[in-house]
>>> print(open('model_8.csv').read())   # CSV, C-alpha atoms
chain,number,residue,atom,x,y,z
A,27,MET,CA,-17.9,29.5,32.3
A,28,THR,CA,-17.7,27.5,29.1
A,29,THR,CA,-14.4,26.4,27.6
A,30,SER,CA,-13.6,25.8,24.0
A,31,PRO,CA,-12.8,22.3,22.9
A,32,PRO,CA,-9.1,21.5,22.5
A,33,ALA,CA,-7.6,22.3,19.1
A,34,PRO,CA,-7.6,19.1,16.9
A,35,SER,CA,-4.4,17.7,15.6
A,36,ALA,CA,-3.2,15.7,12.6
A,37,PRO,CA,-3.8,12.5,14.6
A,38,ALA,CA,-7.4,13.6,15.2
A,39,LEU,CA,-7.8,13.8,11.4
A,40,ASP,CA,-6.2,10.4,11.0
A,41,LEU,CA,-8.7,9.0,13.5
A,42,LEU,CA,-11.7,10.7,11.8
A,43,ARG,CA,-10.5,9.4,8.5
A,44,TRP,CA,-10.1,5.9,9.9
A,45,GLN,CA,-13.7,6.0,11.3
A,46,PHE,CA,-15.0,7.2,8.0
A,47,ASP,CA,-13.2,4.5,6.1
A,48,LEU,CA,-14.5,1.8,8.5
A,49,THR,CA,-18.1,3.0,8.1
A,50,TRP,CA,-17.7,3.2,4.3
A,51,SER,CA,-16.4,-0.4,4.2
A,52,LEU,CA,-19.6,-1.5,5.9
A,53,PHE,CA,-21.6,0.5,3.4
A,54,GLU,CA,-19.8,-1.2,0.5
A,55,TYR,CA,-21.0,-4.5,1.8
A,56,HIS,CA,-24.6,-3.4,1.1
A,57,LEU,CA,-23.8,-1.4,-2.0
A,58,GLU,CA,-22.3,-4.5,-3.6
A,59,ARG,CA,-25.5,-6.5,-2.9
A,60,ILE,CA,-28.3,-3.9,-3.3
A,61,GLU,CA,-30.9,-4.6,-6.0
A,62,PRO,CA,-32.6,-1.8,-8.0
A,63,ASP,CA,-36.0,-3.0,-6.6
A,64,ASP,CA,-34.7,-2.6,-3.0
A,65,PHE,CA,-34.6,1.2,-3.3
A,66,LEU,CA,-38.3,1.9,-3.7
A,67,TRP,CA,-39.6,-1.0,-1.5
A,68,GLU,CA,-41.9,0.4,1.1
A,69,PRO,CA,-41.4,-1.4,4.4
A,70,ALA,CA,-44.5,0.1,6.0
A,71,GLU,CA,-47.7,1.9,5.2
A,72,ASN,CA,-46.5,5.1,6.7
A,73,CYS,CA,-43.2,5.7,4.9
A,74,TRP,CA,-41.2,8.4,3.1
A,75,THR,CA,-39.9,7.7,-0.3
A,76,VAL,CA,-39.0,9.6,-3.5
A,77,ARG,CA,-41.6,10.0,-6.2
A,78,ARG,CA,-41.3,10.8,-9.9
A,79,SER,CA,-42.5,14.3,-10.7
A,80,ALA,CA,-44.3,15.3,-13.9
A,81,ASP,CA,-40.9,16.4,-15.3
A,82,GLY,CA,-39.4,13.0,-14.7
A,83,THR,CA,-37.2,14.0,-11.7
A,84,TRP,CA,-37.4,12.3,-8.3
A,85,THR,CA,-38.9,14.3,-5.5
A,86,PRO,CA,-38.4,13.3,-1.9
A,87,ASP,CA,-41.2,13.3,0.6
A,88,TRP,CA,-40.6,16.1,3.1
A,89,ALA,CA,-42.1,18.0,6.0
A,90,ASP,CA,-40.6,21.0,7.6
A,91,THR,CA,-41.8,19.8,11.0
A,92,GLU,CA,-41.1,16.1,11.7
A,93,PRO,CA,-44.4,14.2,11.7
A,94,ASP,CA,-45.4,12.0,14.7
A,95,PRO,CA,-45.1,9.2,14.1
A,96,VAL,CA,-42.0,9.6,12.0
A,97,PRO,CA,-42.5,7.7,8.7
A,98,VAL,CA,-40.2,4.8,7.9
A,99,PRO,CA,-37.9,5.8,5.1
A,100,THR,CA,-37.3,3.8,2.0
A,101,ILE,CA,-33.7,3.1,0.8
A,102,ALA,CA,-34.4,5.6,-2.0
A,103,TRP,CA,-35.3,8.3,0.5
A,104,LEU,CA,-32.3,7.5,2.7
A,105,SER,CA,-29.9,7.6,-0.2
A,106,TRP,CA,-31.4,11.0,-1.3
A,107,HIS,CA,-31.1,12.2,2.3
A,108,MET,CA,-27.4,11.2,2.4
A,109,GLY,CA,-26.8,12.9,-0.9
A,110,TRP,CA,-28.4,16.1,0.5
A,111,TRP,CA,-26.5,16.4,3.8
A,112,TRP,CA,-23.3,15.1,2.3
A,113,SER,CA,-23.3,17.4,-0.7
A,114,VAL,CA,-23.9,20.4,1.6
A,115,ALA,CA,-21.2,19.3,4.1
A,116,ALA,CA,-18.7,18.9,1.2
A,117,ASP,CA,-19.7,22.3,-0.2
A,118,HIS,CA,-18.9,23.9,3.1
A,119,ALA,CA,-15.7,21.9,3.6
A,120,GLN,CA,-14.4,22.9,0.1
A,121,GLY,CA,-15.5,26.6,0.4
A,122,ARG,CA,-18.2,26.2,-2.3
A,123,THR,CA,-21.6,27.9,-2.1
A,124,PRO,CA,-23.8,25.2,-0.4
A,125,ARG,CA,-26.7,23.8,-2.4
A,126,GLU,CA,-30.3,24.0,-1.2
A,127,ARG,CA,-32.2,20.9,-0.3
A,128,SER,CA,-34.4,21.3,-3.3
A,129,ASP,CA,-31.3,21.3,-5.6
A,130,ILE,CA,-30.3,17.8,-4.6
A,131,THR,CA,-32.1,15.3,-6.9
A,132,TRP,CA,-32.0,11.6,-6.5
A,133,PRO,CA,-30.6,9.9,-9.6
A,134,GLY,CA,-32.8,6.8,-9.6
A,135,ALA,CA,-32.7,3.2,-8.4
A,136,GLY,CA,-29.7,1.0,-8.7
A,137,ALA,CA,-26.4,1.9,-10.3
A,138,PRO,CA,-27.1,5.6,-10.8
A,139,THR,CA,-27.5,6.1,-7.0
A,140,VAL,CA,-24.6,3.7,-6.1
A,141,GLU,CA,-22.4,5.7,-8.5
A,142,TRP,CA,-23.6,9.0,-7.0
A,143,LEU,CA,-22.9,7.9,-3.5
A,144,ARG,CA,-19.4,6.7,-4.4
A,145,ALA,CA,-18.7,10.1,-6.2
A,146,LEU,CA,-19.8,11.9,-3.0
A,147,ARG,CA,-17.3,9.8,-1.1
A,148,LYS,CA,-14.5,10.8,-3.5
A,149,ASP,CA,-15.5,14.5,-3.2
A,150,TRP,CA,-15.5,14.2,0.6
A,151,LEU,CA,-12.1,12.5,0.7
A,152,ALA,CA,-10.7,15.3,-1.5
A,153,ALA,CA,-12.1,17.8,1.0
A,154,LEU,CA,-10.4,16.0,3.9
A,155,ALA,CA,-7.1,15.6,2.1
A,156,GLY,CA,-6.7,19.4,2.0
A,157,LEU,CA,-7.3,20.1,5.6
A,158,THR,CA,-4.7,21.5,8.0
A,159,ASN,CA,-4.7,21.6,11.8
A,160,SER,CA,-5.8,25.2,11.5
A,161,ASP,CA,-8.7,24.2,9.3
A,162,LEU,CA,-9.7,21.5,11.8
A,163,ALA,CA,-9.8,24.0,14.6
A,164,ALA,CA,-11.8,26.6,12.7
A,165,THR,CA,-15.4,27.2,13.5
A,166,ALA,CA,-17.7,24.8,11.7
A,167,PRO,CA,-19.7,26.3,8.9
A,168,PHE,CA,-22.2,23.4,9.0
A,169,PRO,CA,-24.4,22.0,10.5
A,170,TRP,CA,-23.9,24.6,13.4
A,171,PRO,CA,-23.3,27.8,11.5
A,172,LYS,CA,-21.1,30.3,13.4
A,173,ASP,CA,-21.1,28.4,16.7
A,174,PRO,CA,-17.5,28.6,18.0
A,175,GLN,CA,-18.0,25.5,20.2
A,176,HIS,CA,-18.1,23.4,17.1
A,177,THR,CA,-15.1,23.1,14.9
A,178,VAL,CA,-14.5,21.6,11.4
A,179,ALA,CA,-13.3,18.5,13.2
A,180,HIS,CA,-16.7,18.3,14.8
A,181,MET,CA,-18.3,18.7,11.4
A,182,ILE,CA,-16.2,15.7,10.1
A,183,ALA,CA,-17.3,13.7,13.2
A,184,TRP,CA,-20.9,14.6,12.5
A,185,VAL,CA,-20.6,13.4,8.9
A,186,ASN,CA,-19.2,10.1,10.2
A,187,ALA,CA,-22.1,9.7,12.6
A,188,GLU,CA,-24.7,10.6,10.0
A,189,LEU,CA,-23.1,8.2,7.5
A,190,MET,CA,-23.0,5.4,10.1
A,191,LYS,CA,-26.6,5.9,11.0
A,192,ASN,CA,-27.8,6.0,7.4
A,193,VAL,CA,-25.7,3.0,6.4
A,194,ALA,CA,-27.2,1.0,9.3
A,195,GLU,CA,-30.7,2.0,8.2
A,196,ILE,CA,-30.1,1.1,4.6
A,197,GLY,CA,-28.5,-2.2,5.6
A,198,GLN,CA,-31.4,-3.1,7.8
A,199,LEU,CA,-33.9,-2.3,5.1
A,200,ARG,CA,-32.0,-4.3,2.6
A,201,LEU,CA,-31.7,-7.3,4.9
A,202,GLN,CA,-35.4,-7.1,5.8
A,203,ARG,CA,-36.5,-7.1,2.2
A,204,ALA,CA,-34.2,-10.0,1.4
A,205,ALA,CA,-35.5,-12.0,4.4
A,206,ALA,CA,-39.1,-11.3,3.4
A,207,ARG,CA,-38.5,-12.6,-0.1
A,208,GLY,CA,-37.3,-15.8,1.5
>>> encode(input="model_8.csv", output="structure tokens")
Amino acid sequence: MTTSPPAPSAPALDLLRWQFDLTWSLFEYHLERIEPDDFLWEPAENCWTVRRSADGTWTPDWADTEPDPVPVPTIAWLSWHMGWWWSVAADHAQGRTPRERSDITWPGAGAPTVEWLRALRKDWLAALAGLTNSDLAATAPFPWPKDPQHTVAHMIAWVNAELMKNVAEIGQLRLQRAAARG
């Protein structure tokens, strides 16, 4: 017999928001120091990045089945990846039609991507601000569609975990590149 998780409460949203804000403050540390050339720096021969298409847009490397070994991502790829999952999560949280992966385009190295990520943060905070206890307890629409064991509160916690992971990866790559330059 499986039991449903307890219904979240306003203090749960406060804690999730605090965790998000903490993670974002760590990200700001790197966003304030990141250089445009950091984005497309390839830290390994086997890496995923974004590449300019013939029409001038940036296209991310992608495989429907994860390769073995997994390629090391560039900051450009990681920032595109964040934009993708975060846009879709925000779409779900705000009741919008979720975008497809191929609809999420990377804006380019430097300020355009930093501004894009900061705009995604504002969009996410707007979604969180409108949530009620009933909303938190509702079945999550993403990333586990129609699974009653996962609530909107779980989706928010998942966003926090993904953000924390991607922030750490971007930070580590930025620090490695800075150390390599001496």
>>> residues_around(input="model_8.csv", residues="A:Gln120", least_positions_apart="6", cutoff="12 Å", atoms="only C-alpha atoms", output="count of residues only")
15
>>> residues_around(input="model_8.csv", residues="A:Gln202", least_positions_apart="3", cutoff="12 Å", atoms="all atoms listed in the file", output="number ranges by chain")
A: 60, 64, 67-70, 100-101, 195-199, 205-208
>>> residues_near_point(input="model_8.csv", point="(-40.1, 15.9, 0.3)", cutoff="10 Å", atoms="all atoms listed in the file", output="list of chain:residue names")
A:Trp74, A:Thr75, A:Val76, A:Arg77, A:Trp84, A:Thr85, A:Pro86, A:Asp87, A:Trp88, A:Ala89, A:Asp90, A:Trp103, A:His107, A:Arg127, A:Ser128
>>> closest_residue(input="model_8.csv", among="A:Gly136, A:Ala38, A:Leu201, A:Pro97", to="A:Pro62", atoms="all atoms listed in the file")
A:Gly136
>>> closest_residue(input="model_8.csv", among="A:Lys172, A:Ile130, A:Asn192, A:Asp47", to="A:Pro99", atoms="all atoms listed in the file")
A:Asn192
>>> residues_near_point(input="model_8.csv", point="(-12.1, 8.2, 8.5)", cutoff="12 Å", atoms="only C-alpha atoms", output="PyMOL selection string")
chain A and resi 37-51+147+150-151+154-155+179+182-187+189-190
